[in-house]
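Report on the structure given below.
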Amino acid sequence: MSQWPSAKAKRVLSALIRIGWSVKRQAGSHKTLSRSGWPDFVFAFHDSVEIGPRMLTRIAKHTGLKPENL
């Protein structure tokens with residue numbers, strides 16, 4: 001079983017911002033996030049979309065997000 005709970009995209013984005021990511025640019029629902037020491041990451045979810053555990057695991061791999069950050 002995954003350690004990640006499902007979460008709304010708005011909550012995930014705010015967690016990423018809290019851990020040091022910032023929105024570099026935005027085109028529609030695609031937000032390019034940047035953080036020093038990390039490659040840019042494209043976050044392409046609408047705020048009300050529910051993100052499941054598998055996708056959260058993928059996001060964490062690229063951003064350093066941890067379950068306790070949510």
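Scheme for the structure tokens: letters A, B, ... for chains in order shown; per-chain residue numbers from 1; ligand numbers from 1 in order shown.
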Task: In chain A, DSSP strand (DSSP E or B) residues written as a PyMOL selection string - done: chain A and resi 7-8+22-27+30-35+38-43+50-51
Task: Exercise: Arg35 of chain A partners within 12 Å, only C-alpha atoms, chain neighbours under 4 positions left out, as number ranges by chain - done: A: 16-24, 39-42, 62-64
Open item on the list: Calculated over only C-alpha atoms, which of the candidates A:Gln26, A:Asp47, A:Pro53, A:Arg58 has the smallest distance to Ser14 of chain A?
Closed with: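 Under the stated criterion, the closest residue is A:Asp47.
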TODO: Just the alpha helix (DSSP H) stuff from chain A, please, per backbone DSSP, written as a ChimeraX atom specification.
DONE: /A:9-18,53-63
Go ahead and save the picked residues with C-alpha atoms, as a short mmCIF file (atom, residue, chain, number, x, y, z; two decimals), in the first residue's frame.
data_model
loop_
_atom_site.label_atom_id
_atom_site.label_comp_id
_atom_site.auth_asym_id
_atom_site.auth_seq_id
_atom_site.Cartn_x
_atom_site.Cartn_y
_atom_site.Cartn_z
CA ALA A 9 -4.21 19.52 -6.97
CA LYS A 10 -4.62 22.86 -5.18
CA ARG A 11 -3.33 21.29 -1.95
CA VAL A 12 -0.37 19.65 -3.73
CA LEU A 13 0.59 22.92 -5.44
CA SER A 14 0.47 24.83 -2.14
CA ALA A 15 2.66 22.13 -0.52
CA LEU A 16 5.20 22.49 -3.34
CA ILE A 17 5.26 26.26 -2.85
CA ARG A 18 5.77 25.78 0.92
CA PRO A 53 -1.15 8.02 -4.89
CA ARG A 54 0.68 6.81 -8.02
CA MET A 55 0.82 10.29 -9.55
CA LEU A 56 1.85 11.80 -6.20
CA THR A 57 4.74 9.33 -6.09
CA ARG A 58 5.85 10.49 -9.54
CA ILE A 59 5.55 14.15 -8.55
CA ALA A 60 7.57 13.48 -5.38
CA LYS A 61 10.34 11.82 -7.36
CA HIS A 62 10.84 15.00 -9.40
CA THR A 63 10.20 17.61 -6.71
#
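Minimum distance to Arg25 of chain A across A:Leu65, A:Ser6, A:Phe43, A:Glu50 (counting only C-alpha atoms) occurs at A:Phe43.
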